[in-house]
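Participant: Quick one, work.txt (compact mmCIF, C-alpha atoms):
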```
# COMPACT_ATOMS: atom_id res chain seq x y z
CA MET A 1 0.00 0.00 0.00
CA SER A 2 1.41 3.44 -0.91
CA ASP A 3 2.02 6.20 1.60
CA ILE A 4 -0.38 9.11 1.91
CA VAL A 5 2.15 10.93 4.13
CA ARG A 6 5.92 10.49 4.21
CA THR A 7 8.50 12.72 5.85
CA GLU A 8 12.28 12.55 5.60
CA GLY A 9 14.52 14.38 8.06
CA LEU A 10 11.88 16.97 8.92
CA THR A 11 13.15 19.79 11.15
CA LYS A 12 11.47 22.73 12.79
CA SER A 13 12.70 25.21 15.35
CA PHE A 14 11.22 28.26 17.00
CA LYS A 15 12.79 31.48 18.19
CA THR A 16 12.02 32.27 21.80
CA LYS A 17 13.34 35.01 24.07
CA TYR A 18 15.67 32.40 25.59
CA GLY A 19 17.10 31.39 22.22
CA ARG A 20 16.33 28.88 19.54
CA VAL A 21 14.31 25.78 20.47
CA ASP A 22 14.32 22.70 18.26
CA ALA A 23 10.76 21.33 18.10
CA LEU A 24 11.50 18.63 15.51
CA ARG A 25 14.89 17.12 14.71
CA GLY A 26 15.09 14.89 11.65
CA ILE A 27 11.66 13.24 11.72
CA ASP A 28 11.22 10.25 9.38
CA MET A 29 7.72 8.84 9.42
CA ASN A 30 4.94 7.66 7.18
CA VAL A 31 1.21 6.97 7.11
CA ALA A 32 -0.03 4.45 4.56
CA GLU A 33 -3.33 4.86 2.72
CA GLY A 34 -6.22 3.72 4.90
CA GLU A 35 -4.03 3.34 8.00
CA PHE A 36 -4.94 4.53 11.53
CA VAL A 37 -1.79 5.86 13.16
CA MET A 38 -1.49 7.37 16.60
CA LEU A 39 1.20 9.84 17.50
CA LEU A 40 1.98 9.47 21.19
CA GLY A 41 4.18 11.56 23.40
CA LYS A 42 4.35 13.87 26.38
CA SER A 43 3.48 17.55 26.20
CA GLY A 44 6.13 19.61 24.44
CA CYS A 45 7.66 16.74 22.47
CA GLY A 46 6.59 18.27 19.14
CA LYS A 47 3.51 16.16 18.30
CA SER A 48 1.30 19.12 17.46
CA THR A 49 4.11 20.84 15.55
CA LEU A 50 4.51 17.74 13.40
CA LEU A 51 0.74 17.50 12.90
CA ASN A 52 0.60 21.19 11.92
CA ILE A 53 3.30 20.67 9.30
CA ILE A 54 1.58 17.56 7.94
CA GLY A 55 -1.71 19.51 7.96
CA PHE A 56 -0.18 22.44 6.02
CA MET A 57 -0.80 24.81 8.92
CA ASP A 58 2.95 25.36 9.26
CA SER A 59 6.09 24.88 7.15
CA PRO A 60 9.16 22.81 8.01
CA ASP A 61 12.58 24.46 8.26
CA GLY A 62 14.25 21.49 6.60
CA GLY A 63 13.71 17.98 5.32
CA LYS A 64 11.21 16.60 2.87
CA TYR A 65 7.46 16.11 3.12
CA TYR A 66 5.60 14.03 0.54
CA PHE A 67 1.79 13.99 0.41
CA ASP A 68 0.30 11.27 -1.77
CA GLY A 69 3.67 10.98 -3.51
CA GLU A 70 4.08 14.70 -4.25
CA ASP A 71 6.85 16.79 -2.69
CA VAL A 72 4.99 19.48 -0.72
CA SER A 73 7.87 20.66 1.48
CA SER A 74 7.86 24.23 0.21
CA LEU A 75 4.35 25.06 -0.95
CA SER A 76 3.12 28.67 -1.19
CA ASN A 77 0.43 29.87 1.24
CA ASP A 78 -2.25 29.43 -1.44
CA GLY A 79 -0.93 25.96 -2.26
CA LYS A 80 -1.12 24.96 1.41
CA ALA A 81 -4.65 26.39 1.66
CA ASP A 82 -5.72 24.32 -1.36
CA TYR A 83 -4.36 21.15 0.23
CA ARG A 84 -6.18 21.94 3.48
CA ALA A 85 -9.39 22.61 1.58
CA ASN A 86 -9.40 19.57 -0.68
CA ARG A 87 -6.97 16.88 0.34
CA LEU A 88 -7.23 16.50 4.12
CA GLY A 89 -9.52 17.16 7.03
CA PHE A 90 -8.45 18.57 10.38
CA VAL A 91 -10.14 17.76 13.69
CA PHE A 92 -9.09 19.88 16.67
CA GLN A 93 -9.30 19.43 20.43
CA GLN A 94 -11.26 22.70 20.71
CA PHE A 95 -13.63 21.71 17.85
CA ASN A 96 -13.05 25.08 16.12
CA LEU A 97 -16.60 25.53 14.91
CA ILE A 98 -17.94 28.97 14.05
CA PHE A 99 -20.21 29.87 16.98
CA THR A 100 -22.64 32.00 14.98
CA MET A 101 -23.28 29.26 12.40
CA THR A 102 -25.53 26.23 12.81
CA ALA A 103 -24.15 22.69 12.56
CA PHE A 104 -25.44 22.55 8.98
CA GLU A 105 -23.76 25.83 8.00
CA ASN A 106 -20.46 24.81 9.63
CA VAL A 107 -20.35 21.55 7.69
CA GLU A 108 -21.51 23.26 4.48
CA LEU A 109 -18.68 25.84 4.49
CA PRO A 110 -15.99 23.78 2.67
CA LEU A 111 -18.51 22.71 0.01
CA GLY A 112 -19.62 26.30 -0.64
CA TYR A 113 -16.01 27.41 -0.92
CA ALA A 114 -15.38 24.61 -3.42
CA GLY A 115 -18.22 25.96 -5.57
CA ILE A 116 -20.57 22.99 -5.22
CA GLU A 117 -24.22 23.66 -6.15
CA LYS A 118 -26.74 24.35 -3.38
CA SER A 119 -28.90 21.23 -3.88
CA ALA A 120 -25.85 18.94 -3.95
CA ARG A 121 -24.47 20.72 -0.87
CA ARG A 122 -27.70 20.20 1.04
CA ALA A 123 -27.85 16.50 0.21
CA ARG A 124 -24.21 15.90 1.13
CA VAL A 125 -24.37 17.84 4.40
CA GLU A 126 -27.57 16.12 5.52
CA GLN A 127 -26.09 12.72 4.70
CA MET A 128 -22.85 13.55 6.53
CA LEU A 129 -24.64 14.83 9.64
CA ARG A 130 -26.68 11.61 9.74
CA LYS A 131 -23.49 9.56 9.27
CA VAL A 132 -21.83 11.15 12.31
CA GLY A 133 -25.03 10.79 14.34
CA ILE A 134 -26.22 14.40 14.64
CA GLY A 135 -28.79 14.48 11.83
CA ASP A 136 -31.33 15.96 14.25
CA ARG A 137 -28.96 18.77 15.27
CA ALA A 138 -28.59 20.42 11.86
CA ASP A 139 -30.22 23.70 12.89
CA HIS A 140 -28.50 23.95 16.26
CA LEU A 141 -25.73 26.40 17.08
CA PRO A 142 -22.56 24.91 18.64
CA ALA A 143 -23.52 26.41 22.01
CA GLU A 144 -26.74 24.37 21.90
CA MET A 145 -24.85 21.08 21.48
CA SER A 146 -22.82 18.94 23.89
CA GLY A 147 -19.02 18.64 23.54
CA GLY A 148 -19.38 15.24 21.90
CA GLU A 149 -21.91 16.57 19.40
CA GLN A 150 -19.71 19.56 18.60
CA GLN A 151 -16.82 17.20 17.93
CA ARG A 152 -19.07 15.09 15.67
CA CYS A 153 -19.95 18.25 13.81
CA ALA A 154 -16.23 19.10 13.45
CA ILE A 155 -15.58 15.56 12.18
CA ALA A 156 -18.42 15.95 9.66
CA ARG A 157 -16.84 19.19 8.42
CA ALA A 158 -13.44 17.48 8.13
CA LEU A 159 -14.99 14.60 6.15
CA ILE A 160 -17.31 16.54 3.88
CA MET A 161 -14.72 16.98 1.08
CA GLU A 162 -14.01 13.24 1.21
CA PRO A 163 -10.30 13.60 2.02
CA LYS A 164 -7.90 10.68 1.98
CA LEU A 165 -6.47 11.73 5.33
CA ILE A 166 -7.92 13.02 8.60
CA LEU A 167 -5.59 14.70 11.08
CA ALA A 168 -6.88 14.75 14.63
CA ASP A 169 -5.16 16.78 17.33
CA GLU A 170 -6.29 15.38 20.72
CA PRO A 171 -9.89 15.10 19.44
CA THR A 172 -11.11 13.64 22.73
CA GLY A 173 -9.10 15.94 24.99
CA ASN A 174 -12.17 17.97 26.01
CA LEU A 175 -14.66 15.09 26.23
CA ASP A 176 -15.92 12.83 28.99
CA GLU A 177 -15.35 9.07 28.94
CA ASP A 178 -18.64 8.22 27.25
CA SER A 179 -18.24 10.82 24.49
CA THR A 180 -14.58 9.81 24.03
CA GLU A 181 -15.58 6.23 23.33
CA LYS A 182 -18.28 7.30 20.86
CA ILE A 183 -15.92 9.65 19.02
CA MET A 184 -13.23 6.95 18.83
CA GLN A 185 -15.79 4.46 17.48
CA LEU A 186 -16.80 7.03 14.88
CA LEU A 187 -13.16 7.61 13.85
CA LYS A 188 -12.68 3.85 13.62
CA GLU A 189 -15.75 3.55 11.33
CA ILE A 190 -14.43 6.39 9.15
CA ASN A 191 -11.08 4.60 8.98
CA ALA A 192 -12.80 1.34 8.04
CA GLY A 193 -14.27 3.24 5.06
CA GLY A 194 -10.73 3.76 3.72
CA THR A 195 -9.79 7.18 5.13
CA ALA A 196 -6.35 7.27 6.75
CA ILE A 197 -6.21 8.87 10.19
CA LEU A 198 -3.24 10.39 11.97
CA MET A 199 -4.20 11.20 15.53
CA VAL A 200 -2.20 12.97 18.21
CA THR A 201 -2.89 11.90 21.78
CA HIS A 202 -1.22 11.46 25.12
CA ASP A 203 -3.88 8.98 26.28
CA THR A 204 -2.36 5.49 25.94
CA ASP A 205 -5.79 3.87 26.51
CA LEU A 206 -6.85 5.04 23.07
CA THR A 207 -4.09 3.14 21.26
CA VAL A 208 -6.38 0.08 20.99
CA TYR A 209 -8.18 1.85 18.15
CA SER A 210 -5.04 2.32 16.05
CA ASP A 211 -3.20 0.12 13.57
CA ARG A 212 0.18 1.53 14.54
CA ILE A 213 1.73 3.83 17.12
CA ILE A 214 4.49 6.38 16.64
CA LYS A 215 6.10 7.49 19.89
CA MET A 216 7.79 10.86 20.11
CA LYS A 217 10.23 11.81 22.84
CA ALA A 218 11.31 15.19 24.13
CA ASP A 219 15.04 15.62 24.85
CA MET B 220 -11.57 33.52 -6.26
CA ASN B 221 -13.00 30.01 -6.15
CA ASN B 222 -16.67 30.83 -6.21
CA ARG B 223 -18.08 34.31 -6.66
CA ARG B 224 -21.59 33.35 -5.62
CA PHE B 225 -20.31 31.75 -2.41
CA PHE B 226 -18.22 34.87 -1.73
CA PHE B 227 -21.26 37.17 -1.84
CA LYS B 228 -23.49 34.71 0.02
CA ASN B 229 -20.91 34.14 2.74
CA SER B 230 -20.23 37.88 3.13
CA LEU B 231 -23.92 38.79 3.33
CA SER B 232 -24.56 35.93 5.73
CA GLY B 233 -21.67 37.32 7.81
CA ILE B 234 -23.48 40.66 8.08
CA ARG B 235 -26.72 38.87 9.04
CA ARG B 236 -25.01 36.67 11.62
CA LEU B 237 -22.92 39.46 13.10
CA ARG B 238 -25.46 42.28 12.95
CA GLY B 239 -25.31 42.61 16.74
CA ARG B 240 -21.55 43.18 16.60
CA TYR B 241 -21.86 45.52 13.61
CA LEU B 242 -24.64 47.59 15.21
CA PRO B 243 -22.47 50.00 17.31
CA LEU B 244 -20.42 50.76 14.19
CA GLY B 245 -23.60 51.32 12.19
CA ILE B 246 -25.07 53.70 14.77
CA ILE B 247 -21.89 55.78 14.99
CA VAL B 248 -21.54 55.95 11.20
CA ALA B 249 -25.22 56.84 10.69
CA LEU B 250 -25.17 59.57 13.38
CA THR B 251 -21.89 61.06 12.15
CA ILE B 252 -23.13 61.12 8.58
CA ALA B 253 -26.47 62.61 9.66
CA VAL B 254 -24.70 65.48 11.47
CA GLU B 255 -22.27 65.98 8.58
CA THR B 256 -25.08 66.00 5.99
CA ALA B 257 -27.14 68.53 7.99
CA ALA B 258 -24.12 70.73 8.77
CA LEU B 259 -22.92 70.73 5.16
CA ALA B 260 -26.37 71.63 3.86
CA LEU B 261 -26.75 74.34 6.50
CA THR B 262 -23.40 76.00 5.75
CA ALA B 263 -24.11 75.88 2.00
CA ALA B 264 -27.56 77.46 2.53
CA CYS B 265 -26.13 80.18 4.81
CA THR B 266 -23.48 81.00 2.20
CA ALA B 267 -26.18 81.26 -0.49
CA LEU B 268 -28.33 83.49 1.74
CA ALA B 269 -25.42 85.81 2.61
CA ASP B 270 -24.35 86.07 -1.05
CA GLU B 271 -27.86 86.99 -2.11
CA LYS B 272 -28.21 89.68 0.58
CA TYR B 273 -24.82 91.18 -0.33
CA GLY B 274 -26.08 91.43 -3.91
CA LEU B 275 -29.18 93.31 -2.71
CA ILE B 276 -27.13 95.79 -0.65
CA LYS B 277 -24.85 96.55 -3.64
CA ASP B 278 -27.83 97.60 -5.77
CA MET B 279 -29.60 99.54 -3.01
CA PRO B 280 -29.94 103.40 -3.13
CA PRO B 281 -28.08 105.19 -0.25
CA GLU B 282 -31.31 106.61 1.36
CA LYS B 283 -32.61 103.07 2.23
CA ILE B 284 -30.32 102.83 5.22
CA GLU B 285 -32.77 100.90 7.44
CA ALA B 286 -33.41 98.23 4.86
CA GLU B 287 -29.63 97.99 4.36
CA MET B 288 -29.09 97.53 8.10
CA LYS B 289 -31.69 94.73 8.16
CA LEU B 290 -29.89 92.96 5.36
CA TYR B 291 -26.56 93.30 7.21
CA ARG B 292 -28.15 91.76 10.31
CA GLN B 293 -29.41 88.83 8.24
CA ILE B 294 -25.96 88.38 6.70
CA SER B 295 -24.30 88.50 10.09
CA GLU B 296 -26.75 85.94 11.47
CA ALA B 297 -26.22 83.67 8.46
CA ASN B 298 -22.44 83.92 8.86
CA ALA B 299 -22.67 83.06 12.56
CA VAL B 300 -24.85 80.01 11.86
CA LYS B 301 -22.49 79.04 9.03
CA GLN B 302 -19.53 79.18 11.40
CA VAL B 303 -21.33 77.05 13.99
CA GLY B 304 -22.26 74.61 11.19
CA MET B 305 -18.60 74.38 10.18
CA TYR B 306 -17.50 73.73 13.77
CA ILE B 307 -20.17 71.04 14.15
CA ASN B 308 -19.08 69.50 10.87
CA ALA B 309 -15.41 69.45 11.90
CA GLY B 310 -16.29 68.08 15.34
CA ALA B 311 -18.52 65.37 13.85
CA ILE B 312 -15.75 64.33 11.47
CA ILE B 313 -13.10 64.15 14.22
CA ILE B 314 -15.28 62.32 16.76
CA GLY B 315 -16.83 60.14 14.07
CA VAL B 316 -13.52 59.11 12.51
CA ILE B 317 -11.91 58.27 15.87
CA SER B 318 -14.97 56.30 17.04
CA VAL B 319 -15.31 54.47 13.73
CA ILE B 320 -11.62 53.46 13.63
CA PHE B 321 -11.80 52.29 17.25
CA ILE B 322 -15.01 50.29 16.78
CA SER B 323 -13.78 48.83 13.45
CA LEU B 324 -10.61 47.57 15.13
CA LEU B 325 -12.56 46.10 18.05
CA MET B 326 -14.93 44.39 15.63
CA GLN B 327 -12.13 42.93 13.54
CA ARG B 328 -10.37 41.71 16.69
CA SER B 329 -13.54 39.88 17.71
CA ARG B 330 -13.32 37.93 14.44
CA ILE B 331 -9.74 36.62 14.83
CA TYR B 332 -10.98 33.15 15.83
CA GLU B 333 -13.43 32.99 12.93
CA VAL B 334 -10.66 33.97 10.51
CA GLY B 335 -8.51 31.19 12.05
CA VAL B 336 -11.28 28.66 11.37
CA TYR B 337 -11.53 29.83 7.75
CA TYR B 338 -7.75 29.41 7.32
CA SER B 339 -7.74 26.00 8.95
CA ILE B 340 -10.38 24.62 6.59
CA GLY B 341 -8.49 25.91 3.58
CA PHE B 342 -9.87 29.33 2.62
CA ARG B 343 -7.23 31.34 0.80
CA ARG B 344 -5.95 34.46 2.55
CA LYS B 345 -7.10 36.81 -0.22
CA PHE B 346 -10.61 35.36 -0.03
CA ILE B 347 -10.82 36.08 3.69
CA THR B 348 -9.46 39.62 3.32
CA ARG B 349 -11.97 40.35 0.55
CA THR B 350 -14.81 38.91 2.62
CA LEU B 351 -13.98 41.15 5.60
CA LEU B 352 -13.64 44.22 3.35
CA PHE B 353 -16.87 43.52 1.46
CA GLU B 354 -18.87 42.96 4.65
CA THR B 355 -17.56 46.23 6.11
CA PHE B 356 -18.20 48.10 2.85
CA VAL B 357 -21.82 46.93 2.56
CA PHE B 358 -22.59 47.67 6.20
CA THR B 359 -20.92 51.10 6.18
CA ALA B 360 -22.60 52.09 2.91
CA ALA B 361 -26.03 51.13 4.33
CA ALA B 362 -25.34 53.05 7.56
CA SER B 363 -24.10 56.09 5.56
CA LEU B 364 -27.23 56.11 3.42
CA THR B 365 -29.35 56.00 6.59
CA GLY B 366 -27.29 58.92 7.92
CA VAL B 367 -27.82 61.00 4.74
CA ILE B 368 -31.59 60.41 4.96
CA LEU B 369 -31.65 61.23 8.69
CA GLY B 370 -29.57 64.39 8.24
CA SER B 371 -31.64 65.59 5.27
CA ALA B 372 -34.85 65.06 7.23
CA ALA B 373 -33.56 66.62 10.46
CA LEU B 374 -32.45 69.99 9.05
CA PRO B 375 -35.88 71.20 7.80
CA LEU B 376 -37.37 70.12 11.15
CA LEU B 377 -34.70 72.12 12.99
CA ILE B 378 -35.48 75.22 10.87
CA LYS B 379 -39.22 74.75 11.39
CA SER B 380 -38.71 74.63 15.16
CA GLY B 381 -37.14 78.11 14.98
CA ALA B 382 -33.91 76.97 16.62
CA ILE B 383 -31.84 78.33 13.73
CA ILE B 384 -32.13 80.97 11.01
CA ASP B 385 -34.67 80.19 8.28
CA VAL B 386 -32.61 79.13 5.28
CA SER B 387 -35.24 76.77 3.87
CA GLU B 388 -35.39 78.71 0.56
CA TYR B 389 -31.68 78.09 0.07
CA LEU B 390 -31.59 74.38 0.91
CA TYR B 391 -30.86 72.13 -2.02
CA VAL B 392 -29.62 68.57 -2.31
CA SER B 393 -26.20 68.52 -3.86
CA LYS B 394 -25.48 65.41 -5.91
CA THR B 395 -21.95 65.28 -4.57
CA THR B 396 -22.90 65.42 -0.88
CA PRO B 397 -23.93 61.73 -0.52
CA LEU B 398 -20.76 60.67 -2.34
CA LEU B 399 -18.61 62.93 -0.17
CA VAL B 400 -20.08 61.67 3.08
CA LEU B 401 -19.94 58.05 1.91
CA GLY B 402 -16.25 58.49 1.11
CA ALA B 403 -15.71 60.18 4.48
CA ALA B 404 -17.38 57.22 6.23
CA LEU B 405 -15.74 54.45 4.22
CA LEU B 406 -12.13 55.62 4.54
CA PRO B 407 -11.89 55.36 8.35
CA VAL B 408 -13.69 52.00 8.26
CA LEU B 409 -11.95 50.33 5.35
CA ILE B 410 -8.38 51.40 6.17
CA PRO B 411 -8.26 49.71 9.62
CA THR B 412 -10.13 46.70 8.21
CA LEU B 413 -7.64 46.35 5.36
CA THR B 414 -4.63 46.85 7.65
CA PHE B 415 -5.96 44.36 10.18
CA SER B 416 -6.95 41.68 7.69
CA ARG B 417 -3.55 41.97 5.98
CA ARG B 418 -1.92 41.48 9.36
CA LEU B 419 -4.10 38.48 10.06
CA SER B 420 -3.25 36.98 6.68
CA LYS B 421 0.42 36.89 7.69
CA THR B 422 -0.28 35.25 11.04
CA ASP B 423 0.06 31.56 11.86
CA PRO B 424 -3.48 30.01 11.74
CA ASN B 425 -2.87 28.29 15.08
CA ARG B 426 -2.26 31.63 16.74
CA LEU B 427 -5.49 32.96 15.22
CA LEU B 428 -7.43 29.97 16.55
CA SER B 429 -6.06 30.48 20.03
CA GLY B 430 -6.62 34.25 19.79
CA GLU B 431 -2.93 35.05 20.43
CA VAL B 432 -2.70 38.00 18.06
```
Rewrite the coordinates I just gave you, this time as structure tokens.

Facilitator:
Amino acid sequence: MSDIVRTEGLTKSFKTKYGRVDALRGIDMNVAEGEFVMLLGKSGCGKSTLLNIIGFMDSPDGGKYYFDGEDVSSLSNDGKADYRANRLGFVFQQFNLIFTMTAFENVELPLGYAGIEKSARRARVEQMLRKVGIGDRADHLPAEMSGGEQQRCAIARALIMEPKLILADEPTGNLDEDSTEKIMQLLKEINAGGTAILMVTHDTDLTVYSDRIIKMKAD
Amino acid sequence: MNNRRFFFKNSLSGIRRLRGRYLPLGIIVALTIAVETAALALTAACTALADEKYGLIKDMPPEKIEAEMKLYRQISEANAVKQVGMYINAGAIIIGVISVIFISLLMQRSRIYEVGVYYSIGFRRKFITRTLLFETFVFTAAASLTGVILGSAALPLLIKSGAIIDVSEYLYVSKTTPLLVLGAALLPVLIPTLTFSRRLSKTDPNRLLSGEV
């Protein structure tokens, strides 16, 4: 099976008032198509930095990054935005929904931006909301939904463009035990449908859902 | 731009969704423009009245001294009102511009998170900047138009109440006034919006999402 994500010697450092801090030093990793990979590690070990680079939210200082076989190490801002819009979905710990939009409108956003017709948008959004189990919450604002439902809505938005890869940054970090299990089951179902998932977590109990674990260490 | 129809729909829906946040800006713009419109029309009418009376004095025979004195009094009154009108106009512009810049910046700041969400789901930076500018333009233009209507309606009422000199014969609607006041309202709104959205477009999306800007 070919790799959807592959990195070779990826480096990233940040300037702080105390000097330069290396967040990533020569990271070689891969995620195969349809694989569920978990990125484990303590706080500050660079998990989120790596996820941000893979998710085109940040750029590496050095090394190579291949997405679906293409070298994307030095894309322009517009190029990165196009990858985020069409090729992958991002699920965040804080859900990152727009508070003044309903669940339907939040999930519809990427489709509208992609120029998809209204009737097709409606059908796809309704189907997606049903798929993630919040079909009856379409007209609700995020504030009117529970944490688990908000995360389902965020997952629906990440999936709506049918990406090959979902990146999830501590998606259950703000949820209770019951909601965590439901969200993990949902991610597992999505993965079973052929979508690769790269998930950052520090919760070792969740590793049972993954096909493979990548451990990161802080020096 | 990926989709023009989506751009307009999204921008207009932004105004609808955020009307509560836009409202203080709209009120300030409408009031400033109303005062400016009324003051501009008043000063123009006073100038026209004074010019006409000067013309009458020039052609008047020397024995009509009383009539001449009356005309001078009218001119003096018109000039005084004109001066007050100019002060009000200047004051409205200064207070209006400062308030509008301040409120525009506050409003844009309140949208940092939303801009971060747009970036994170793949909206291009230019698209977001244009959306913010378009929303602000539409809202400010609507508020300015309301201000022009309010100002135009308030001045005749003020004259009728006897609070100021009767210049109703000299009032006329200049075609350039609405354009002038619209320009005066748009500049202080659009410049901070443009500056702020350009700054946001250079910021790391993660920092936008966490509000660290």

Participant: Which residues, written as a ChimeraX atom specification, have at least one atom at most 9 Å from A:Thr49, with only C-alpha atoms counted and residues fewer than 6 positions away on the same chain left out?

Facilitator: /A:12,23-24,58

Participant: Could you please tell me, as JSON, numbers by chain, which residues of chain A have an atom within 6 Å of chain B when using all atoms listed in the file?

Facilitator: {"A": [78, 81, 82, 84, 85, 112, 115]}

Participant: When you count all atoms listed in the file, which of these residues is closest to B:Ser393: B:Ile368, B:Leu259, B:Ile246, B:Leu268?

Facilitator: B:Leu259

Participant: Expressed in Å to a single decimal, how great is the separation between atom CA of A:Asp28 and atom CA of A:Ala154?

Facilitator: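 These atoms are spaced 29.1 Å apart.
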
Participant: A:Lys15, A:Arg6, A:His202, A:Arg130: which is nearest A:Ser43, counting all atoms listed in the file?

Facilitator: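 Looking at the shortest contact to A:Ser43, the residue is A:His202.
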
Participant: Work out how far apart atom CA of B:Lys277 and atom CA of B:Ile294 are and give it in Å to one decimal.

Facilitator: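 Result for atom CA of B:Lys277 versus atom CA of B:Ile294: 13.2 Å, one decimal.
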
Participant: For B:Tyr391, please output as a list in words all residues within 8 Å (counting all atoms listed in the file; exclusion window: fewer than 2 positions along the same chain).

Facilitator: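 In the requested form, the answer reads Ala260, Ala264, Tyr389 and Ser393 of chain B.
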
Participant: Tell me which protein, DNA and RNA residues are within 12 Å of B:Asp270, counting all atoms listed in the file, leaving out same-chain ones fewer than 4 positions away, and put them as a PyMOL selection string.

Facilitator: chain B and resi 263-266+274-277+290-291+293-295+297-298+389

Participant: For a test of reading the model, state the distance in Å between atom CA of B:Ala311 and atom CA of B:Pro407, rounded to one decimal.

Facilitator: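 Straight-line distance from atom CA of B:Ala311 to atom CA of B:Pro407 works out to 13.2 Å.
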
Participant: Find the residues around A:Glu177 up to 12 Å (only C-alpha atoms counted), leave out those fewer than 3 positions away in its own chain, and share them as a list of chain:residue names.

Facilitator: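 The residues satisfying every condition are A:Gly147, A:Gly148, A:Thr172, A:Gly173, A:Asn174, A:Thr180, A:Glu181, A:Lys182, A:Ile183, A:Met184, A:Asp203, A:Asp205, A:Leu206.
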
Participant: Using only C-alpha atoms for the distances, tell me which of A:Gln185, A:Thr201, A:Gln150, A:Ser119 is nearest to A:Ile98.

Facilitator: A:Gln150
